[in-house]
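Asker: For reference, the structure I am asking about is given below.
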Amino acid sequence: MANLLVTGGAGFIGANFVHYWRENHADDAVVVLDALTYAGNRENLAGLDSVEFVHGNILDTDLVTSLLRDHKIDTVVHFAAESHVDRSILDPDAFVTTNVLGTHSLLRAARTVWLDSGSGTPHRFHNVSTDEVYGSLGPNDPAFSETTPYAPNSPYSASKAGADHLVRAYHHTFGLDVTTTNCSNNYGPFQFPEKLIPLFLINALNGRNLPIYGDGMNVRDWLHTSDHCRGIEAALQRGTPGEVYNIGGGEEVPNLTVIDEICRSVDAAFAADPSLAARYPDAPAARGVPTNTLKTFVEDRKGHDRRYAIDERKARAEIGYTPARDFAGGLADTLGWYLANEAWWQPMLERAKLGNG
Ligand code: NAD
């Protein structure tokens with residue numbers, strides 16, 4: 001039985017992870033630490049009564065130290081971050097503060113409790129990072145591997161790179177037992193409607209434009225959150241301390257293809273369920289007009305990385321990770337989730353006023 005502290009557990013991926021862990025490791029104790037920024041939502045953990053929720057900031061090292069001690073935490077899974085690239089272009093400070101200093105605060109607390117006070121407890125600090133630290137690929141470049149040099153291009157990815165380096169340094173310098181996973185673009189339930197898939201779906205339902213950055217040919221490897229959770233689980237259970245594992249969904253898809261697929265799925269959903277036209281009268285699909293008429297090309301994001309691709313051979317070989325979800329099926333399920341959970345996303349729209357992730 002393990003005692004987990006999950007930082008950022010009220011956010012998109014963190015909440016999916018807490019649900020996943022509850023379903024698959026019912027005997028483990030789970031504490032969530034989350035500051036409930038605009039991206040955090042207590043509702044994401046609804047129904048998980050056995051999970052203790054602590055409203056607090058990872059920058060509060062004393063609080064984290066007490067949580068580690070009082071709850072005999074042996075595993076930290078660190079998701080908490082400022083995560084939206086567009087916001088990092090507008091306000092880089094918050095990204096450096098939370099992602100770099102916040103991660104360092106957690107590492108300091110972990111070092112104090114797990115190493116300096118000599119508790120001797122077997123422990124693991126798992127750092128959830130991104131493939132964006134590796135920079136951008138050309139069309140024919142090999143996919144990112146764990147030995148690809150770091151070349152972050154946005155304040156977001158630079159701050160995540162800084163966090164990754166600190167995690168690595170705490171292993172090499174102090175002997176902290178750490179693992180890091182660098183994953184690709186996630187999608188799935190509970191994703192805040194500022195990111196591409198939920199934003200475009202909701203815009204389509206409300207008859208709003210679908211603002212496509214540049215030529216729409218930026219390529220991403222889309223990872224369903226359930227696969228991501230399995231990848232983190234594999235790293236926790238079978239990962240070697242100090243090692244890094246790249247976790248991907250196994251499919252590279254240009255943004256334009258993702259958007260066309262969203263449009264097609266919305267059209268199909270309206271055709272199959274006449275009640276959607278009454279619920280969303282402003283949707284083109286409610287009048288039989290194709291959703292793709294909402295597509296609008298807008299000025300590209302500053303410094304927009306062209307292509308990300310994940311070489312996950314190490315994760316397959318060393319920790320037995322393979323993605324289980326294909327993109328088409330995962331996207332269809334995700335659209336179904338958003339259609340069934342308007343009560344979840346409707347109140348969040350006011351908080352989501354930016355770009356397309
Ligand atoms: P998110 O923005 O949806 O959630 C972040 C959570 O962290 C929120 O609940 C927020 O309240 C909390 N938080 C922020 N600052 C905090 C602080 N100072 N103290 C405590 N809690 C704080 O993010 P996400 O998309 O779920 O991403 C989770 C992690 O995965 C991040 O580290 C992100 O860099 C990484 N990641 C995300 C993606 C993706 O596609 N979303 C891809 C690769 C890596």
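Convention: chains lettered A, B, ... in structure tokens order; per-chain residue numbering from 1; ligands numbered from 1 as shown.
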Show me which residues sit within 7 Å of ligand 1 when counting only C-alpha atoms and all ligand atoms, and put them as number ranges by chain.
Answerer: A: 7-14, 33-41, 56-59, 78-84, 98, 102, 128-131, 160, 182-187, 191-192
Asker: Show me, as JSON lines, the residues of segment 273-325 of chain A having an atom within 7 Å of segment 218-235 of chain A, each with the closest atom pair and its distance in Å, using only C-alpha atoms.
Answerer:
```
{"residue": "A:Arg306", "atom": "CA", "partner": "A:Asn218", "partner_atom": "CA", "distance": 4.7}
{"residue": "A:Arg307", "atom": "CA", "partner": "A:Val219", "partner_atom": "CA", "distance": 4.5}
{"residue": "A:Tyr308", "atom": "CA", "partner": "A:Arg220", "partner_atom": "CA", "distance": 5.2}
{"residue": "A:Ala309", "atom": "CA", "partner": "A:Asp221", "partner_atom": "CA", "distance": 5.6}
{"residue": "A:Ile310", "atom": "CA", "partner": "A:Asp221", "partner_atom": "CA", "distance": 6.9}
{"residue": "A:Ile319", "atom": "CA", "partner": "A:Ala234", "partner_atom": "CA", "distance": 5.6}
{"residue": "A:Gly320", "atom": "CA", "partner": "A:Ala234", "partner_atom": "CA", "distance": 6.9}
{"residue": "A:Tyr321", "atom": "CA", "partner": "A:Gly231", "partner_atom": "CA", "distance": 5.8}
{"residue": "A:Pro323", "atom": "CA", "partner": "A:Asp227", "partner_atom": "CA", "distance": 5.4}
{"residue": "A:Ala324", "atom": "CA", "partner": "A:Asp227", "partner_atom": "CA", "distance": 6.3}
{"residue": "A:Arg325", "atom": "CA", "partner": "A:His224", "partner_atom": "CA", "distance": 6.6}
```
Asker: Have a look at A:Glu252, A:Asp28, A:Glu146, A:Asp260 and name the one nearest to Ser50 of chain A; count only C-alpha atoms.
Answerer: A:Asp28
Asker: With distances taken over only C-alpha atoms, which residue among A:Asn206, A:Thr257, A:Asn292, A:Asp27 lies nearest Leu276 of chain A?
Answerer: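 Ranked by minimum distance to Leu276 of chain A, first place goes to A:Asn206.
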Asker: Which of segment 122-348 of chain A counts as alpha helix (DSSP H) under DSSP, as a PyMOL selection string please?
Answerer: chain A and resi 155-174+196-205+225-238+255-272+275-279+313-319+327-340+342-345
Asker: Using only C-alpha atoms, which residue out of A:Glu261, A:Phe95, A:Val266, A:Phe190 lies closest to His19 of chain A?
Answerer: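 Answer, going by the shortest atom-to-atom distance: A:Phe190.
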